[in-house]
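> One file: upload-v7.txt (compact mmCIF, C-alpha atoms).
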```txt
# COMPACT_ATOMS: atom_id res chain seq x y z
CA MET A 4 -23.98 26.18 -41.83
CA LYS A 5 -22.54 23.85 -44.50
CA ALA A 6 -18.89 22.94 -45.00
CA ASP A 7 -18.91 24.07 -48.65
CA LYS A 8 -19.61 27.62 -47.47
CA PHE A 9 -15.95 27.84 -46.38
CA LEU A 10 -14.40 26.17 -49.41
CA VAL A 11 -11.62 28.09 -51.15
CA SER A 12 -12.33 27.81 -54.86
CA GLY A 13 -10.61 30.88 -56.29
CA PRO A 14 -8.37 33.79 -55.32
CA PRO A 15 -9.29 34.45 -51.66
CA SER A 16 -9.53 37.82 -49.95
CA LEU A 17 -9.06 37.84 -46.19
CA ALA A 18 -10.38 41.39 -45.99
CA SER A 19 -13.69 40.36 -47.52
CA LEU A 20 -14.57 37.84 -44.79
CA GLY A 21 -16.13 40.51 -42.59
CA ASP A 22 -17.20 40.16 -38.97
CA GLY A 23 -20.88 39.24 -39.14
CA HIS A 24 -20.59 35.64 -37.91
CA HIS A 25 -21.78 35.04 -34.35
CA VAL A 26 -23.15 32.12 -32.31
CA ASP A 27 -24.10 32.69 -28.68
CA GLN A 28 -23.06 30.27 -25.95
CA LYS A 29 -26.47 28.64 -25.52
CA ASP A 30 -26.83 27.95 -29.24
CA TYR A 31 -23.26 26.69 -29.42
CA ALA A 32 -23.73 24.28 -26.50
CA ARG A 33 -26.82 22.84 -28.19
CA LYS A 34 -25.18 22.40 -31.59
CA ILE A 35 -21.72 21.13 -30.65
CA VAL A 36 -22.90 17.95 -28.89
CA PRO A 37 -24.33 16.14 -31.97
CA LEU A 38 -21.24 17.16 -33.96
CA GLN A 39 -19.00 15.61 -31.30
CA HIS A 40 -21.07 12.43 -31.41
CA THR A 41 -20.65 12.28 -35.19
CA MET A 42 -16.88 12.71 -34.86
CA GLN A 43 -16.85 9.80 -32.39
CA SER A 44 -18.79 7.68 -34.89
CA ILE A 45 -16.30 8.53 -37.64
CA GLN A 46 -13.35 7.58 -35.46
CA GLN A 47 -14.97 4.29 -34.48
CA ALA A 48 -15.79 3.55 -38.11
CA TYR A 49 -12.08 3.90 -38.97
CA LEU A 50 -10.96 1.30 -36.42
CA GLY A 51 -9.89 -1.97 -37.99
CA THR A 52 -10.02 -0.50 -41.51
CA ARG A 53 -7.59 1.15 -43.92
CA GLU A 54 -9.25 4.54 -43.31
CA HIS A 55 -6.98 7.23 -41.88
CA ALA A 56 -6.97 11.01 -41.94
CA VAL A 57 -4.82 14.11 -41.64
CA ILE A 58 -6.21 17.36 -40.26
CA VAL A 59 -4.14 20.47 -41.05
CA LEU A 60 -4.96 23.43 -38.80
CA GLU A 61 -3.42 26.76 -39.73
CA GLY A 62 -4.34 30.26 -38.66
CA TRP A 63 -3.25 33.48 -37.06
CA ASP A 64 -1.79 33.51 -33.55
CA THR A 65 -4.74 33.36 -31.08
CA ALA A 66 -7.17 32.37 -33.87
CA GLY A 67 -8.48 29.42 -31.85
CA LYS A 68 -6.63 26.38 -33.17
CA GLY A 69 -5.91 25.20 -29.64
CA GLY A 70 -9.58 25.47 -28.66
CA VAL A 71 -10.61 23.30 -31.59
CA ILE A 72 -7.93 20.72 -30.78
CA ARG A 73 -8.98 20.57 -27.12
CA ARG A 74 -12.57 19.87 -28.12
CA LEU A 75 -11.45 17.15 -30.49
CA GLY A 76 -9.36 15.70 -27.66
CA TRP A 77 -12.37 15.70 -25.34
CA THR A 78 -14.33 13.87 -28.03
CA LEU A 79 -11.99 11.29 -29.54
CA ASP A 80 -10.26 8.24 -28.09
CA PRO A 81 -6.55 9.08 -27.71
CA ARG A 82 -5.50 5.57 -28.76
CA SER A 83 -6.20 6.42 -32.40
CA PHE A 84 -6.13 10.23 -32.26
CA LYS A 85 -2.83 12.10 -32.21
CA VAL A 86 -1.83 15.77 -32.21
CA HIS A 87 1.47 17.03 -33.57
CA PRO A 88 2.25 20.64 -32.54
CA ILE A 89 4.79 21.83 -35.07
CA ALA A 90 7.56 24.16 -33.93
CA ALA A 91 10.83 25.21 -35.55
CA PRO A 92 12.80 22.30 -37.00
CA SER A 93 15.64 20.83 -34.99
CA PRO A 94 19.24 21.10 -36.25
CA ASP A 95 19.02 17.54 -37.59
CA GLU A 96 15.72 18.30 -39.35
CA LYS A 97 17.21 21.39 -40.97
CA ARG A 98 19.69 19.15 -42.75
CA GLU A 99 16.83 17.19 -44.36
CA HIS A 100 14.19 18.13 -46.89
CA TYR A 101 11.56 20.12 -44.99
CA LEU A 102 8.83 17.55 -45.73
CA GLN A 103 10.83 14.70 -44.20
CA ARG A 104 9.79 15.38 -40.61
CA PHE A 105 6.12 15.30 -41.60
CA TRP A 106 6.41 11.90 -43.30
CA ARG A 107 7.41 10.47 -39.91
CA ARG A 108 4.22 11.80 -38.28
CA LEU A 109 1.65 10.62 -40.81
CA PRO A 110 -1.24 8.48 -39.49
CA GLU A 111 -1.29 4.72 -39.44
CA GLN A 112 -4.37 2.88 -40.67
CA GLY A 113 -7.34 3.62 -38.40
CA GLN A 114 -5.80 6.83 -37.03
CA ILE A 115 -6.75 10.51 -37.18
CA VAL A 116 -3.80 12.90 -36.86
CA VAL A 117 -3.91 16.68 -36.34
CA PHE A 118 -1.06 18.94 -37.38
CA ASP A 119 -1.16 22.15 -35.33
CA ARG A 120 0.74 24.11 -37.97
CA SER A 121 2.29 22.05 -40.71
CA TRP A 122 4.40 21.84 -43.87
CA TYR A 123 2.76 25.12 -44.86
CA GLY A 124 5.30 26.87 -42.66
CA ARG A 125 7.57 26.83 -45.71
CA VAL A 126 5.26 29.24 -47.59
CA LEU A 127 4.17 31.24 -44.53
CA VAL A 128 6.61 31.94 -41.69
CA GLU A 129 9.70 30.79 -43.62
CA ARG A 130 8.73 32.98 -46.57
CA VAL A 131 7.86 36.09 -44.54
CA GLU A 132 10.77 35.83 -42.11
CA GLY A 133 13.33 35.08 -44.81
CA LEU A 134 14.10 31.61 -43.41
CA ALA A 135 13.70 30.11 -46.88
CA LYS A 136 15.09 31.52 -50.10
CA LYS A 137 12.59 32.84 -52.62
CA ALA A 138 13.31 29.96 -54.98
CA GLU A 139 12.70 27.49 -52.13
CA TRP A 140 9.32 28.78 -50.99
CA LYS A 141 8.08 29.35 -54.54
CA ARG A 142 9.02 25.75 -55.40
CA ALA A 143 7.20 24.56 -52.28
CA TYR A 144 3.72 25.13 -53.73
CA ARG A 145 4.35 22.39 -56.29
CA GLU A 146 6.10 20.15 -53.77
CA ILE A 147 3.23 20.43 -51.28
CA ASN A 148 0.59 19.73 -53.92
CA GLU A 149 2.50 16.66 -55.06
CA PHE A 150 3.00 15.52 -51.44
CA GLU A 151 -0.72 15.78 -50.73
CA ARG A 152 -1.56 14.08 -54.02
CA LEU A 153 0.58 11.12 -52.95
CA LEU A 154 -1.21 10.94 -49.60
CA VAL A 155 -4.68 11.09 -51.13
CA ASP A 156 -3.82 8.50 -53.79
CA ASP A 157 -2.69 6.21 -50.97
CA GLY A 158 -6.07 6.57 -49.22
CA THR A 159 -5.38 9.38 -46.77
CA ARG A 160 -8.27 11.76 -46.14
CA ILE A 161 -7.09 15.36 -45.77
CA ALA A 162 -8.94 18.27 -44.16
CA LYS A 163 -7.17 21.65 -44.33
CA VAL A 164 -8.57 24.59 -42.36
CA PHE A 165 -7.27 28.14 -42.04
CA MET A 166 -8.77 30.15 -39.15
CA HIS A 167 -8.82 33.88 -39.82
CA ILE A 168 -9.25 36.67 -37.28
CA SER A 169 -9.03 40.42 -37.80
CA ALA A 170 -6.09 42.48 -36.56
CA GLU A 171 -8.40 44.15 -34.02
CA GLU A 172 -9.66 40.84 -32.64
CA GLN A 173 -6.13 39.48 -32.42
CA LEU A 174 -5.06 42.50 -30.38
CA ARG A 175 -8.02 42.01 -28.03
CA ARG A 176 -7.02 38.38 -27.51
CA PHE A 177 -3.41 39.38 -26.86
CA LYS A 178 -4.62 41.66 -24.07
CA ASP A 179 -6.82 38.89 -22.70
CA ARG A 180 -3.86 36.55 -22.51
CA LEU A 181 -1.69 39.15 -20.83
CA THR A 182 -4.19 39.69 -18.04
CA ASP A 183 -5.01 35.99 -17.49
CA PRO A 184 -2.24 34.12 -15.60
CA LEU A 185 -3.52 30.79 -16.96
CA LYS A 186 -3.22 32.00 -20.57
CA ARG A 187 -0.14 34.18 -20.30
CA TRP A 188 2.22 31.31 -21.09
CA LYS A 189 0.77 31.15 -24.61
CA LEU A 190 1.98 34.65 -25.46
CA THR A 191 5.54 35.21 -26.69
CA TYR A 192 7.63 38.04 -28.02
CA GLU A 193 7.30 36.47 -31.48
CA ASP A 194 3.53 36.99 -31.38
CA PHE A 195 4.01 40.75 -31.02
CA ARG A 196 6.84 40.90 -33.56
CA ASN A 197 4.76 39.03 -36.14
CA ARG A 198 2.08 41.74 -35.99
CA ASP A 199 4.55 44.12 -37.57
CA HIS A 200 4.56 41.86 -40.64
CA ARG A 201 0.80 41.32 -40.83
CA ALA A 202 0.47 42.70 -44.35
CA ASP A 203 3.24 40.36 -45.54
CA TYR A 204 1.54 37.43 -43.83
CA GLU A 205 -1.81 38.32 -45.39
CA LYS A 206 -0.23 38.22 -48.84
CA ALA A 207 1.51 34.90 -48.07
CA ILE A 208 -1.73 33.38 -46.71
CA GLU A 209 -3.76 34.40 -49.74
CA ASP A 210 -1.08 33.03 -52.09
CA MET A 211 -0.98 29.77 -50.13
CA LEU A 212 -4.75 29.33 -50.20
CA GLU A 213 -4.96 30.04 -53.93
CA LYS A 214 -2.00 27.92 -55.03
CA THR A 215 -2.55 24.87 -52.81
CA SER A 216 -6.35 24.52 -52.68
CA THR A 217 -6.84 21.55 -55.01
CA ASP A 218 -9.82 19.39 -55.86
CA TYR A 219 -8.26 16.48 -53.91
CA ALA A 220 -7.08 18.56 -50.90
CA PRO A 221 -9.01 21.86 -50.79
CA TRP A 222 -8.59 24.61 -48.24
CA PHE A 223 -11.44 25.80 -46.03
CA LEU A 224 -11.24 29.41 -44.83
CA VAL A 225 -13.10 29.99 -41.55
CA PRO A 226 -13.85 33.45 -40.10
CA ALA A 227 -12.92 32.98 -36.45
CA ASN A 228 -13.56 36.30 -34.67
CA ASN A 229 -16.38 34.51 -32.85
CA LYS A 230 -14.95 31.37 -31.24
CA ASN A 231 -18.27 29.54 -31.02
CA TYR A 232 -19.02 30.08 -34.70
CA ALA A 233 -15.50 28.98 -35.69
CA ARG A 234 -15.58 25.78 -33.64
CA LEU A 235 -18.91 24.73 -35.12
CA ALA A 236 -17.65 25.52 -38.61
CA VAL A 237 -14.46 23.48 -38.16
CA PHE A 238 -16.38 20.48 -36.81
CA LYS A 239 -18.74 20.69 -39.80
CA ILE A 240 -15.78 20.73 -42.19
CA LEU A 241 -14.06 17.80 -40.48
CA ILE A 242 -17.22 15.72 -40.52
CA ASP A 243 -17.69 16.45 -44.22
CA ARG A 244 -14.10 15.64 -45.19
CA LEU A 245 -13.49 12.70 -42.85
CA GLY A 246 -16.94 11.13 -42.91
CA LYS A 247 -17.97 11.30 -46.55
CA GLY A 248 -18.85 7.82 -47.78
CA VAL A 249 -18.07 6.20 -44.40
CA ASP A 250 -20.64 3.83 -42.88
CA LEU A 251 -21.26 5.29 -39.42
CA GLU A 252 -23.48 2.45 -38.20
CA PRO A 253 -21.90 0.74 -35.14
CA LYS A 254 -20.06 -2.41 -36.08
CA PRO A 255 -21.67 -5.69 -34.95
CA LEU A 256 -19.94 -7.89 -32.41
CA ASP A 257 -17.68 -10.50 -33.92
CA GLU A 258 -19.08 -14.00 -33.55
CA LYS A 259 -16.65 -15.17 -30.85
CA THR A 260 -17.44 -12.17 -28.64
CA ALA A 261 -21.16 -12.59 -29.26
CA GLU A 262 -20.94 -16.28 -28.35
CA ALA A 263 -19.10 -15.53 -25.11
CA ALA A 264 -21.66 -12.83 -24.24
CA ARG A 265 -24.57 -15.22 -24.86
CA ALA A 266 -22.94 -17.82 -22.63
CA LEU A 267 -22.64 -15.25 -19.85
CA PHE A 268 -25.89 -13.33 -20.19
CA GLY A 269 -28.09 -15.81 -22.02
CA SER A 270 -29.26 -13.15 -24.48
CA LEU A 271 -27.87 -10.07 -26.21
CA GLU A 272 -31.21 -8.21 -26.09
```
Just give me the structure of the file as structure tokens.

Amino acid sequence: MKADKFLVSGPPSLASLGDGHHVDQKDYARKIVPLQHTMQSIQQAYLGTREHAVIVLEGWDTAGKGGVIRRLGWTLDPRSFKVHPIAAPSPDEKREHYLQRFWRRLPEQGQIVVFDRSWYGRVLVERVEGLAKKAEWKRAYREINEFERLLVDDGTRIAKVFMHISAEEQLRRFKDRLTDPLKRWKLTYEDFRNRDHRADYEKAIEDMLEKTSTDYAPWFLVPANNKNYARLAVFKILIDRLGKGVDLEPKPLDEKTAEAARALFGSLE
């Protein structure tokens, strides 16, 4: 499984993804551990450098974004890893340009930041639900591409992943959440209402992927009906985008620390 397998490089078709991707639990448990270790190495390599990264996670309701984020949270040090769950804008934010609230949440040097939903709401939910005028969401493709170009030119690494599940699998997961008291809180009336607009969302998603997958900030489209397969795929993509060209060898001790350690232990061997 290579990251490039999921790269969006032309007009995408959600219907063509199929459902033949499966990884059993035993295989998943064996493969996820080295990927987590690599993510830890990438994060540590960023510390004390100008390296920083943005992860954009988009996908259908119940597609598994939360599961990916939890596994990143179990892996990475929270002091330089942040998650921004994006909900509807506040009244104050509505009075500003829609990108303004995302500028405030961008990573500092050495940080990795995840956006659980993102500025792409302008061309997805705001388009489909009529919360943005047609002229506004059509203009947003150019604005978003320019925004991401600015970030990349300034040294920000960007990884953008869309997690796709079929309508049938989404319905199964809805039922699972309804019957599980520990998951029921995740389900809202909006989740059911949005299913009535699935065809409109599919069109909006395909337009988004085609118009905003650029050579400097490409989209990766992951079939996510099987959670294990999807999690492995996302980790592979993140490692490829965030770790390319980064020296993952552990940094040596600075001389003062090494000197103090030698004084205490006599040897660093």
> Using all atoms listed in the file, which residues sit within 10 Å of Gly51 in chain A once same-chain residues fewer than 2 positions away are excluded, as a PyMOL selection string?
chain A and resi 47-49+53-54+112-114
> Which residue, A:Pro255, A:Glu146, A:Thr78, A:Thr182, has the smallest gap to Thr41 in chain A when you use all atoms listed in the file?
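The closest residue to Thr41 in chain A is A:Thr78.
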> Tell me which protein, DNA and RNA residues are within 9 Å of Thr217 in chain A, counting only C-alpha atoms, leaving out same-chain ones fewer than 5 positions away, and put them as an mmCIF file with C-alpha atoms, keeping the file's coordinate frame.

```
data_model
loop_
_atom_site.group_PDB
_atom_site.id
_atom_site.type_symbol
_atom_site.label_atom_id
_atom_site.label_comp_id
_atom_site.auth_asym_id
_atom_site.auth_seq_id
_atom_site.Cartn_x
_atom_site.Cartn_y
_atom_site.Cartn_z
ATOM 1 C CA VAL A 11 -11.620 28.090 -51.150
ATOM 2 C CA SER A 12 -12.330 27.810 -54.860
ATOM 3 C CA ASN A 148 0.590 19.730 -53.920
ATOM 4 C CA TRP A 222 -8.590 24.610 -48.240
#
```
> If you measure from CA of Arg104 in chain A to CA of His55 in chain A, what distance in Å do you get, rounded to one decimal?
18.7 Å
> CA of Val59 in chain A and CA of Val164 in chain A are how many Å apart?
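That distance, rounded to one decimal, is 6.2 Å.
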> Taking only C-alpha atoms into account, name the residue in A:Val26, A:Phe84, A:Ala18, A:Ala162 that is nearest to Gln43 in chain A.
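For Gln43 in chain A, the nearest of the candidates is A:Phe84.
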> Write out as an NGL selection string each polymer residue whose atoms come within 8 Å of range 226-230 of chain A, counting only C-alpha atoms; drop sequence neighbours fewer than 2 positions from it.
:A and (20-22 or 24-26 or 66-67 or 166-169 or 172 or 224 or 232-234)
> Compile the contact shell of range 238-244 of chain A as a PyMOL selection string: residues with an atom at most 9 Å away, counting only C-alpha atoms, same-chain residues fewer than 4 positions apart removed.
chain A and resi 4-7+9+35+38-39+41-42+45+58+71+75+160-164+223+233-234
> Rank nothing, just name the residue among A:Leu174, A:Met211, A:Val116, A:Leu102 nearest to Lys141 in chain A, using only C-alpha atoms.
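Selected residue with least distance to Lys141 in chain A: A:Met211.
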